[in-house]
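Each remark here refers to the structure printed beneath this line.
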Amino acid sequence: MALFSTKSPPLVGVDISSTAVKLLQLGMSGGRYRVEHYAVEPLPPNAVVEKNIVEVEAVGEAIKRALQRSGARTKFASAAVSGSAVITKVIPMQADLSEDDLDGQIQAEAQQYIPYPLEEVSLDFEILGPVRDNPEMMSVLLAASRTENVDVRVAALDIGGLTARVVDVEAFAIENAFKLVADQLSVPKDATVAVLDIGATMTTLIVIKNQRTIYTREQVFGGKQLTDEVMRRYGLSYEEAGMAKRQGGLPESYEIEVLEPFKEAMVQQISRLLQFFFAGTEFSKVDQVVLAGGCASIGGVAEMVEEQIGVPTIIANPLAGMSLSNRVQAQTLAQDAPSLLIACGLALRSFD
């Protein structure tokens, strides 16, 4: 199964998160992208735990429901494994290697970096270009994941009625979608930008410079903590708490006693992730913060991050410049847009 794939028929991007399946298919119309089909389908609790699929059948059924609701007709999909399940390494190689020699060399190099037997691993590579100041060498990005991580996603898609054409890496999908957000930034193209995808149980930091990922890190933190607190405090079920978070109807005390402390915790997590980045690299600042994922839609979060961290902060909307097919509801899509960054990056693989 390729982690980087070649041109294929239209693909539907399927982002399998801890609480929902997000499905998105893009087309082209009049020289710009168009949202053809999309759906977000909730998952049963614990079907996916910290990005690991535990109940393949339940995830497959959710994909099937999402596919039906979206009206998408394509049978091919791209999905992604999370960063913690993938080993990536940029390695320098001779620029004049033939394809066969390169393949053999990659296998030999992979054994040094991958702590599993190679027969248990799905491996792929992409040539990034010449090494700076040394045109005789090229940089090659190696990506590897245990085959079982790939297989379980392929199996879930299969149950859902889709064939996996591409299994990508979530960080690369975010980088792919980032180019659609780049125009919304207030900083130059070569700036250092921190993208934080804050989902239900995981927060992923991806730092991008010159449109390429230079750092990634995952941390266990997300909106489920807010849902759990709403359940505990107001005696609601998981479904009721999730609904109340989105649609309101909670006591007035909710804002001050529950939501504000959660927002503060979120800013702390963002600050901590950035500190890890500064400590582990030669960088001491980022020029802009981009918030994505379900938690990015919480009112006032961007302003709070900007004020406390002191960096201009925006909410990602990768779909902002796109036209919509008549079967897509603009208002619902606008609400979901920040959480569709990974799905969007995966859907863009149709145009590789």
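The way I read the labels, and the way they are meant: chains A, B, ... in the order of the structure tokens, residue 1 as the first residue of every chain, and ligand 1 as the first ligand shown, with later ones counted on from there.
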request  = Can you pull out every residue within 6 Å of Ala302 (chain A), counting only C-alpha atoms, but drop anything in the same chain fewer than 2 positions away, and send it as a list in words?
outcome  =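 Non-adjacent residues within range: Gly300, Met304, Val305, Thr313 and Ile314 of chain A.
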Write out the residues from the selection above, keeping all heavy atoms, as a PDB file, in the first residue's frame.
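Below you can see part-v4.pdb, which holds the result:
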```pdb
ATOM      1  N   GLY A 300     -13.985  32.502  20.564  1.00  0.00           N
ATOM      2  CA  GLY A 300     -13.006  33.245  21.341  1.00  0.00           C
ATOM      3  C   GLY A 300     -11.667  32.565  21.547  1.00  0.00           C
ATOM      4  O   GLY A 300     -10.758  33.144  22.167  1.00  0.00           O
ATOM      5  N   MET A 304      -7.926  34.317  22.432  1.00  0.00           N
ATOM      6  CA  MET A 304      -7.258  33.970  23.689  1.00  0.00           C
ATOM      7  C   MET A 304      -5.825  33.491  23.436  1.00  0.00           C
ATOM      8  O   MET A 304      -4.890  33.873  24.155  1.00  0.00           O
ATOM      9  CB  MET A 304      -8.060  32.885  24.416  1.00  0.00           C
ATOM     10  CG  MET A 304      -7.613  32.655  25.836  1.00  0.00           C
ATOM     11  SD  MET A 304      -8.505  31.287  26.612  1.00  0.00           S
ATOM     12  CE  MET A 304      -9.728  32.145  27.551  1.00  0.00           C
ATOM     13  N   VAL A 305      -5.645  32.658  22.407  1.00  0.00           N
ATOM     14  CA  VAL A 305      -4.302  32.158  22.056  1.00  0.00           C
ATOM     15  C   VAL A 305      -3.412  33.338  21.669  1.00  0.00           C
ATOM     16  O   VAL A 305      -2.270  33.462  22.137  1.00  0.00           O
ATOM     17  CB  VAL A 305      -4.377  31.121  20.909  1.00  0.00           C
ATOM     18  CG1 VAL A 305      -2.981  30.781  20.390  1.00  0.00           C
ATOM     19  CG2 VAL A 305      -5.079  29.858  21.373  1.00  0.00           C
ATOM     20  N   THR A 313      -3.055  34.814  15.427  1.00  0.00           N
ATOM     21  CA  THR A 313      -3.692  33.488  15.383  1.00  0.00           C
ATOM     22  C   THR A 313      -4.967  33.547  14.556  1.00  0.00           C
ATOM     23  O   THR A 313      -5.775  34.463  14.717  1.00  0.00           O
ATOM     24  CB  THR A 313      -4.028  33.021  16.826  1.00  0.00           C
ATOM     25  OG1 THR A 313      -2.816  32.989  17.585  1.00  0.00           O
ATOM     26  CG2 THR A 313      -4.657  31.639  16.833  1.00  0.00           C
ATOM     27  N   ILE A 314      -5.121  32.562  13.664  1.00  0.00           N
ATOM     28  CA  ILE A 314      -6.362  32.482  12.871  1.00  0.00           C
ATOM     29  C   ILE A 314      -6.934  31.058  12.953  1.00  0.00           C
ATOM     30  O   ILE A 314      -6.246  30.118  13.334  1.00  0.00           O
ATOM     31  CB  ILE A 314      -6.142  32.854  11.382  1.00  0.00           C
ATOM     32  CG1 ILE A 314      -5.193  31.840  10.676  1.00  0.00           C
ATOM     33  CG2 ILE A 314      -5.631  34.266  11.223  1.00  0.00           C
ATOM     34  CD1 ILE A 314      -5.274  31.868   9.168  1.00  0.00           C
TER      35      ILE A 314
END
```
message = Quick one: residues within 12 Å of Gly83 (chain A), only C-alpha atoms, excluding same-chain residues fewer than 4 positions away - as a VMD selection string?
response = chain A and resid 50 to 52 87 to 88 143 to 145 149 168 to 174 202 to 206 215 to 219
query = Using the chain letters and numbers from this document, which residues of region 151-238 of chain A does DSSP assign to strand (DSSP E or B), as number ranges by chain?
reply = A: 163-169, 192-198, 202-209, 212-220
request  = May I have the residues within 8 Å of Glu175 (chain A) as a list in words, using only C-alpha atoms and disregarding those fewer than 6 positions away in the same chain?
outcome  = Ile208, Gln211, Arg212, Thr213 and Gly345 of chain A
request  = May I have all residues of region 116-337 of chain A that DSSP, computed from the backbone, assigns to alpha helix (DSSP H), given as a ChimeraX atom specification?
outcome  = /A:147-159,170-181,224-234,238-247,253-254,260-280,301-309,330-336
message = Excluding Gly294 (chain A) and its own-chain neighbours fewer than 3 positions away, which residues fall within 6 Å of it when counting only C-alpha atoms? Please give them as a ChimeraX atom specification.
response = /A:199,297,339
